[in-house]
file my_file17.tsv (TSV, C-alpha atoms and all ligand atoms)
chain	number	residue	atom	x	y	z
A	12	MET	CA	-30.03	68.31	44.64
A	13	ASP	CA	-31.13	67.24	48.15
A	14	THR	CA	-28.64	68.00	50.93
A	15	PRO	CA	-28.05	64.84	52.94
A	16	SER	CA	-29.37	64.99	56.48
A	17	TYR	CA	-27.73	63.01	59.25
A	18	ILE	CA	-28.98	61.53	62.52
A	19	PRO	CA	-26.96	60.16	65.46
A	20	TYR	CA	-26.13	56.45	65.23
A	21	ASP	CA	-26.50	54.57	68.50
A	22	ALA	CA	-23.93	51.89	67.60
A	23	VAL	CA	-23.85	48.70	69.66
A	24	ARG	CA	-20.67	48.50	71.73
A	25	PHE	CA	-19.14	45.69	73.86
A	26	ALA	CA	-15.99	45.34	75.94
A	27	PRO	CA	-13.17	43.74	73.88
A	28	ASP	CA	-13.23	40.42	75.76
A	29	LYS	CA	-16.97	40.24	75.31
A	30	MET	CA	-16.56	40.97	71.60
A	31	LEU	CA	-14.25	37.99	71.18
A	32	LEU	CA	-16.67	35.70	73.04
A	33	ARG	CA	-19.61	36.92	70.99
A	34	ALA	CA	-17.70	36.48	67.73
A	35	GLU	CA	-16.66	32.96	68.70
A	36	HIS	CA	-20.14	31.95	69.83
A	37	PHE	CA	-21.70	33.31	66.66
A	38	TYR	CA	-19.13	31.47	64.56
A	39	GLN	CA	-19.85	28.22	66.43
A	40	LEU	CA	-23.55	28.67	65.90
A	41	MET	CA	-23.18	29.40	62.19
A	42	ASP	CA	-20.58	26.69	61.61
A	43	ALA	CA	-23.14	24.15	62.86
A	44	ARG	CA	-25.52	25.13	60.03
A	45	ARG	CA	-26.20	22.65	57.25
A	46	SER	CA	-28.40	22.87	54.21
A	47	VAL	CA	-31.30	20.49	54.64
A	48	ARG	CA	-33.33	18.68	51.97
A	49	ASP	CA	-35.56	16.67	54.31
A	50	PHE	CA	-38.12	18.69	56.19
A	51	SER	CA	-40.76	17.92	58.79
A	52	SER	CA	-44.25	19.15	57.95
A	53	ARG	CA	-44.51	20.55	61.52
A	54	PRO	CA	-46.01	24.03	61.23
A	55	VAL	CA	-43.84	27.11	61.75
A	56	PRO	CA	-45.65	30.20	63.08
A	57	ARG	CA	-45.97	33.08	60.66
A	58	GLU	CA	-44.40	35.47	63.23
A	59	LEU	CA	-41.13	33.49	63.13
A	60	ILE	CA	-41.01	33.80	59.35
A	61	GLU	CA	-41.82	37.48	59.59
A	62	PHE	CA	-38.90	38.17	61.94
A	63	VAL	CA	-36.32	36.27	59.89
A	64	VAL	CA	-37.44	38.10	56.77
A	65	ARG	CA	-37.35	41.44	58.60
A	66	THR	CA	-33.72	40.56	59.37
A	67	ALA	CA	-33.07	39.94	55.67
A	68	CYS	CA	-34.65	43.29	54.85
A	69	SER	CA	-32.15	45.01	57.18
A	70	ALA	CA	-29.35	44.28	54.66
A	71	PRO	CA	-27.33	47.09	53.12
A	72	SER	CA	-28.11	47.73	49.44
A	73	GLY	CA	-26.85	49.79	46.51
A	74	ALA	CA	-27.98	53.41	47.03
A	75	ASN	CA	-30.33	52.04	49.71
A	76	LYS	CA	-32.73	50.91	46.99
A	77	GLN	CA	-33.61	47.67	48.86
A	78	PRO	CA	-34.22	45.96	45.51
A	79	TRP	CA	-35.87	42.79	46.81
A	80	THR	CA	-39.28	41.20	47.30
A	81	PHE	CA	-39.74	38.24	49.64
A	82	CYS	CA	-42.83	36.15	48.86
A	83	LEU	CA	-43.74	34.09	51.92
A	84	VAL	CA	-45.67	31.10	50.66
A	85	GLY	CA	-47.50	29.02	53.23
A	86	LYS	CA	-50.53	28.07	51.12
A	87	LYS	CA	-50.42	24.33	50.37
A	88	ASP	CA	-51.85	24.60	46.89
A	89	LEU	CA	-49.24	27.17	45.85
A	90	ARG	CA	-46.44	25.04	47.29
A	91	ARG	CA	-47.73	22.07	45.28
A	92	ARG	CA	-47.83	24.11	42.07
A	93	ILE	CA	-44.31	25.41	42.71
A	94	ARG	CA	-43.03	21.87	43.33
A	95	GLU	CA	-44.62	20.58	40.13
A	96	ALA	CA	-43.17	23.41	38.02
A	97	ALA	CA	-39.72	23.10	39.63
A	98	GLU	CA	-39.65	19.32	39.11
A	99	GLN	CA	-40.53	19.74	35.43
A	100	GLU	CA	-37.53	22.02	34.91
A	101	GLU	CA	-35.23	19.93	37.09
A	102	TYR	CA	-36.19	16.76	35.20
A	103	GLU	CA	-34.89	18.42	32.02
A	104	ASN	CA	-31.76	19.62	33.85
A	105	TYR	CA	-30.85	16.16	35.10
A	106	HIS	CA	-31.68	14.54	31.74
A	107	GLY	CA	-29.49	16.56	29.36
A	108	ARG	CA	-29.32	20.25	30.29
A	109	MET	CA	-26.56	19.88	32.90
A	110	SER	CA	-23.04	18.97	31.77
A	111	GLY	CA	-21.32	15.73	32.78
A	112	GLU	CA	-18.93	17.71	34.97
A	113	TRP	CA	-21.85	19.39	36.73
A	114	LEU	CA	-23.63	16.09	37.35
A	115	ARG	CA	-20.41	14.57	38.73
A	116	ASP	CA	-19.91	17.61	41.01
A	117	LEU	CA	-23.40	17.03	42.42
A	118	GLU	CA	-22.88	13.33	43.14
A	119	PRO	CA	-21.66	13.89	46.74
A	120	LEU	CA	-24.91	15.81	47.43
A	121	GLY	CA	-27.11	12.98	46.15
A	122	THR	CA	-29.56	15.36	44.49
A	123	ASP	CA	-31.92	14.47	41.65
A	124	TRP	CA	-34.97	16.01	39.96
A	125	HIS	CA	-37.38	15.08	42.76
A	126	LYS	CA	-38.09	18.09	45.01
A	127	PRO	CA	-40.55	16.85	47.68
A	128	PHE	CA	-39.17	19.39	50.16
A	129	LEU	CA	-40.93	22.15	48.21
A	130	GLU	CA	-44.20	20.69	49.46
A	131	THR	CA	-43.17	19.23	52.83
A	132	ALA	CA	-41.59	22.39	54.26
A	133	PRO	CA	-44.36	24.57	55.74
A	134	TRP	CA	-42.98	27.76	54.16
A	135	LEU	CA	-41.34	28.62	50.87
A	136	ILE	CA	-39.59	31.96	50.67
A	137	ALA	CA	-39.38	33.00	47.02
A	138	VAL	CA	-36.86	35.81	46.77
A	139	PHE	CA	-37.10	38.20	43.83
A	140	ARG	CA	-34.56	40.79	42.74
A	141	GLN	CA	-35.91	44.02	41.34
A	142	SER	CA	-33.95	44.73	38.14
A	143	HIS	CA	-35.41	48.24	38.37
A	144	SER	CA	-38.15	49.83	40.45
A	145	VAL	CA	-41.39	51.38	39.29
A	146	ALA	CA	-42.70	54.46	41.12
A	147	ASP	CA	-45.66	56.53	39.89
A	148	GLY	CA	-45.50	54.68	36.57
A	149	GLU	CA	-41.85	55.73	36.12
A	150	GLN	CA	-38.87	53.37	35.88
A	151	LYS	CA	-36.19	53.99	38.53
A	152	LYS	CA	-32.71	52.48	38.44
A	153	ASN	CA	-31.41	50.00	41.02
A	154	TYR	CA	-27.71	49.39	41.62
A	155	TYR	CA	-25.66	46.30	42.51
A	156	VAL	CA	-28.85	44.28	42.59
A	157	GLN	CA	-27.21	40.81	42.70
A	158	GLU	CA	-24.86	41.86	45.47
A	159	SER	CA	-27.62	43.52	47.50
A	160	VAL	CA	-30.06	40.63	47.24
A	161	GLY	CA	-27.24	38.14	47.87
A	162	ILE	CA	-26.35	39.92	51.11
A	163	ALA	CA	-30.03	39.98	52.16
A	164	CYS	CA	-30.26	36.23	51.53
A	165	GLY	CA	-27.11	35.64	53.58
A	166	LEU	CA	-28.70	37.45	56.50
A	167	LEU	CA	-31.89	35.46	55.93
A	168	VAL	CA	-30.07	32.11	56.07
A	169	ALA	CA	-28.28	33.22	59.27
A	170	ALA	CA	-31.54	34.39	60.87
A	171	ILE	CA	-33.32	31.14	59.96
A	172	HIS	CA	-30.55	29.07	61.55
A	173	HIS	CA	-30.33	31.37	64.58
A	174	ALA	CA	-34.08	30.88	65.14
A	175	GLY	CA	-33.63	27.08	65.25
A	176	LEU	CA	-35.05	26.40	61.80
A	177	ALA	CA	-33.48	24.89	58.71
A	178	CYS	CA	-33.53	25.87	55.05
A	179	LEU	CA	-32.17	25.15	51.60
A	180	THR	CA	-31.02	27.82	49.14
A	181	HIS	CA	-32.63	26.18	46.14
A	182	THR	CA	-32.26	27.34	42.54
A	183	PRO	CA	-34.49	25.40	40.17
A	184	SER	CA	-33.49	26.58	36.74
A	185	PRO	CA	-34.95	28.37	34.93
A	186	MET	CA	-37.34	29.70	37.57
A	187	ASN	CA	-39.55	32.08	35.61
A	188	PHE	CA	-42.49	29.89	36.70
A	189	LEU	CA	-42.26	31.61	40.09
A	190	GLN	CA	-43.08	34.99	38.54
A	191	GLU	CA	-46.17	33.51	36.96
A	192	ILE	CA	-47.44	31.39	39.89
A	193	LEU	CA	-46.92	34.24	42.38
A	194	GLY	CA	-48.17	36.94	40.00
A	195	ARG	CA	-45.05	39.12	40.26
A	196	PRO	CA	-44.50	42.08	37.92
A	197	GLN	CA	-41.97	42.09	35.05
A	198	ASN	CA	-39.31	44.04	36.98
A	199	GLU	CA	-39.08	41.27	39.60
A	200	LYS	CA	-36.85	38.34	38.66
A	201	PRO	CA	-36.62	35.11	40.70
A	202	PHE	CA	-33.37	34.96	42.70
A	203	LEU	CA	-33.66	32.05	45.16
A	204	LEU	CA	-36.35	29.67	46.36
A	205	ILE	CA	-35.86	28.84	50.04
A	206	PRO	CA	-37.89	26.12	51.76
A	207	VAL	CA	-37.94	26.77	55.52
A	208	GLY	CA	-39.03	24.54	58.38
A	209	TYR	CA	-37.91	22.03	60.98
A	210	PRO	CA	-35.60	19.31	59.71
A	211	ALA	CA	-37.21	15.84	59.46
A	212	ASP	CA	-36.64	13.77	62.62
A	213	ASP	CA	-34.32	11.35	60.84
A	214	VAL	CA	-32.62	14.01	58.71
A	215	ARG	CA	-29.24	13.17	57.22
A	216	VAL	CA	-26.90	15.52	55.37
A	217	PRO	CA	-24.09	14.79	52.91
A	218	ALA	CA	-20.69	13.94	54.42
A	219	ILE	CA	-18.97	16.99	52.97
A	220	ARG	CA	-16.68	19.49	54.68
A	221	ARG	CA	-15.81	23.16	54.62
A	222	LYS	CA	-12.42	24.08	53.14
A	223	PRO	CA	-9.68	24.85	55.67
A	224	PHE	CA	-9.87	28.50	56.76
A	225	GLY	CA	-6.36	29.23	55.40
A	226	GLU	CA	-7.52	28.26	51.91
A	227	MET	CA	-10.42	30.70	52.02
A	228	ALA	CA	-9.02	33.72	53.84
A	229	ILE	CA	-5.62	35.41	53.63
A	230	PHE	CA	-4.46	37.98	56.15
A	231	TYR	CA	-2.38	40.94	54.94
A	232	GLU	CA	-1.04	42.60	58.11
B	1	LIG	N1	-30.78	22.95	40.71
B	1	LIG	C1	-30.52	21.52	40.74
B	1	LIG	C2	-29.06	21.19	40.65
B	1	LIG	C3	-28.18	21.67	41.72
B	1	LIG	C4	-27.19	22.56	41.38
B	1	LIG	C5	-26.31	22.99	42.31
B	1	LIG	I1	-24.81	24.20	41.76
B	1	LIG	C6	-26.39	22.53	43.66
B	1	LIG	O1	-25.48	22.96	44.60
B	1	LIG	C7	-27.37	21.63	43.98
B	1	LIG	C8	-28.29	21.20	43.00
B	1	LIG	C9	-31.14	20.88	41.99
B	1	LIG	O2	-31.62	21.61	42.86
B	1	LIG	O3	-31.18	19.67	42.09

call {"tool": "encode", "arguments": {"input": "my_file17.tsv", "output": "structure tokens"}}
result
Amino acid sequence: MDTPSYIPYDAVRFAPDKMLLRAEHFYQLMDARRSVRDFSSRPVPRELIEFVVRTACSAPSGANKQPWTFCLVGKKDLRRRIREAAEQEEYENYHGRMSGEWLRDLEPLGTDWHKPFLETAPWLIAVFRQSHSVADGEQKKNYYVQESVGIACGLLVAAIHHAGLACLTHTPSPMNFLQEILGRPQNEKPFLLIPVGYPADDVRVPAIRRKPFGEMAIFYE
């Protein structure tokens, strides 16, 4: 068994009053985030996408396995193929595969099977979870894969918003077509499809609200 080796951790530290200000400012920034379904086709530099995805990759993960792959799709033809495949599945979802309750729950969002944003947004980030890893032809276990990739996607959404861009955490279902179009191996399963870009100039978002804080968080002190 390997003995663990440790290195010093140069933790970031701030004075308490500065901590409170930082926490409040970050909250205000993040609370202003909205999911967007109408994108501008204005290009977004590749370096911006690289940094936000590097942020996602900084997430903690089960046994540090980092069980994710981020496919950064800028190529127009691939975005078109992804849109067409997603719309085929979504058409079936909206015409029989989703329950009445589900369809009613979606009414305030005004969604339907059309997914033009998959082509309009200049980048699609297809996130894959690695059910297991493969190293030297051998299968290796991953742990808490959903949790790990979920945390990475949370950081990604925060980084995208922090950079002044918008996104949508989209889940066409089923999304096996992504594996095929992007040529991913069997151990990689689609997790989320995230269009990223600038919002359209005249963008509008549903008039929906966050729950009151007291309904979502309970202090025990
Ligand atoms: N995947 C479909 C339906 C959908 C489901 C949920 I849950 C949403 O929050 C939004 C949409 C679609 O993208 O239209």

call {"tool": "closest_residue", "arguments": {"input": "my_file17.tsv", "among": "A:Glu232, A:Glu199, A:Asp212, A:Asp49", "to": "His143 of chain A", "atoms": "all atoms listed in the file"}}
result
A:Glu199

call {"tool": "residues_near_ligand", "arguments": {"input": "my_file17.tsv", "ligand": "ligand LIG 1 (chain B)", "cutoff": "7 Å", "atoms": "only C-alpha atoms and all ligand atoms", "output": "ChimeraX atom specification"}}
result
/A:101,117,122-124,181-184

call {"tool": "residues_around", "arguments": {"input": "my_file17.tsv", "residues": "Ala70 of chain A", "least_positions_apart": "2", "cutoff": "10 Å", "atoms": "only C-alpha atoms", "output": "PyMOL selection string"}}
result
chain A and resi 65-68+72+75+77+159-167

call {"tool": "atom_distance", "arguments": {"input": "my_file17.tsv", "atom1": "atom CA of Ala169 of chain A", "atom2": "atom CA of Gln39 of chain A"}}
result
12.1 Å

call {"tool": "closest_residue", "arguments": {"input": "my_file17.tsv", "among": "A:Ala132, A:Ala174, A:Ala137, A:Ala228", "to": "Val47 of chain A", "atoms": "only C-alpha atoms"}}
result
A:Ala132

call {"tool": "residues_around", "arguments": {"input": "my_file17.tsv", "residues": "Trp79 of chain A", "least_positions_apart": "5", "cutoff": "8 Å", "atoms": "only C-alpha atoms", "output": "VMD selection string"}}
result
chain A and resid 138 to 141 160

call {"tool": "closest_residue", "arguments": {"input": "my_file17.tsv", "among": "A:Leu203, A:Leu120, A:Met227, A:Leu189", "to": "Arg48 of chain A", "atoms": "only C-alpha atoms"}}
result
A:Leu120

call {"tool": "closest_residue", "arguments": {"input": "my_file17.tsv", "among": "A:His125, A:Lys76, A:Lys29, A:His36", "to": "Glu103 of chain A", "atoms": "only C-alpha atoms"}}
result
A:His125

call {"tool": "residues_around", "arguments": {"input": "my_file17.tsv", "residues": "Asn187 of chain A", "least_positions_apart": "4", "cutoff": "8 Å", "atoms": "all atoms listed in the file", "output": "list in words"}}
result
Glu191, Lys200 and Pro201 of chain A

call {"tool": "closest_residue", "arguments": {"input": "my_file17.tsv", "among": "A:Pro71, A:Lys126, A:Arg24, A:Pro210", "to": "Glu158 of chain A", "atoms": "all atoms listed in the file"}}
result
A:Pro71

call {"tool": "atom_distance", "arguments": {"input": "my_file17.tsv", "atom1": "atom CA of Pro15 of chain A", "atom2": "atom CA of Ala74 of chain A"}}
result
12.9 Å

call {"tool": "closest_residue", "arguments": {"input": "my_file17.tsv", "among": "A:Val216, A:Asp116, A:Leu204, A:Ile229", "to": "Thr80 of chain A", "atoms": "all atoms listed in the file"}}
result
A:Leu204

call {"tool": "atom_distance", "arguments": {"input": "my_file17.tsv", "atom1": "atom CA of Ser51 of chain A", "atom2": "atom CA of Asp213 of chain A"}}
result
9.4 Å

call {"tool": "residues_around", "arguments": {"input": "my_file17.tsv", "residues": "Phe37 of chain A", "least_positions_apart": "4", "cutoff": "12 Å", "atoms": "only C-alpha atoms", "output": "list in words"}}
result
Met30, Leu31, Leu32, Arg33, Met41, Asp42, Ala43, Arg44, Ala169, Ala170, His172 and His173 of chain A

call {"tool": "axis_aligned_box", "arguments": {"input": "my_file17.tsv", "around": "segment 103-107 of chain A", "padding_each_side": "3 Å", "output": "JSON"}}
result
{"center_x": -32.2, "center_y": 17.1, "center_z": 32.2, "size_x": 11.4, "size_y": 11.1, "size_z": 11.7}

call {"tool": "residues_near_point", "arguments": {"input": "my_file17.tsv", "point": "(-39.7, 18.9, 64.1)", "cutoff": "12 Å", "atoms": "all atoms listed in the file", "output": "list in words"}}
result
Asp49, Phe50, Ser51, Ser52, Arg53, Pro54, Val55, Thr131, Ala132, Pro133, Gly175, Leu176, Ala177, Val207, Gly208, Tyr209, Pro210, Ala211, Asp212, Asp213 and Val214 of chain A
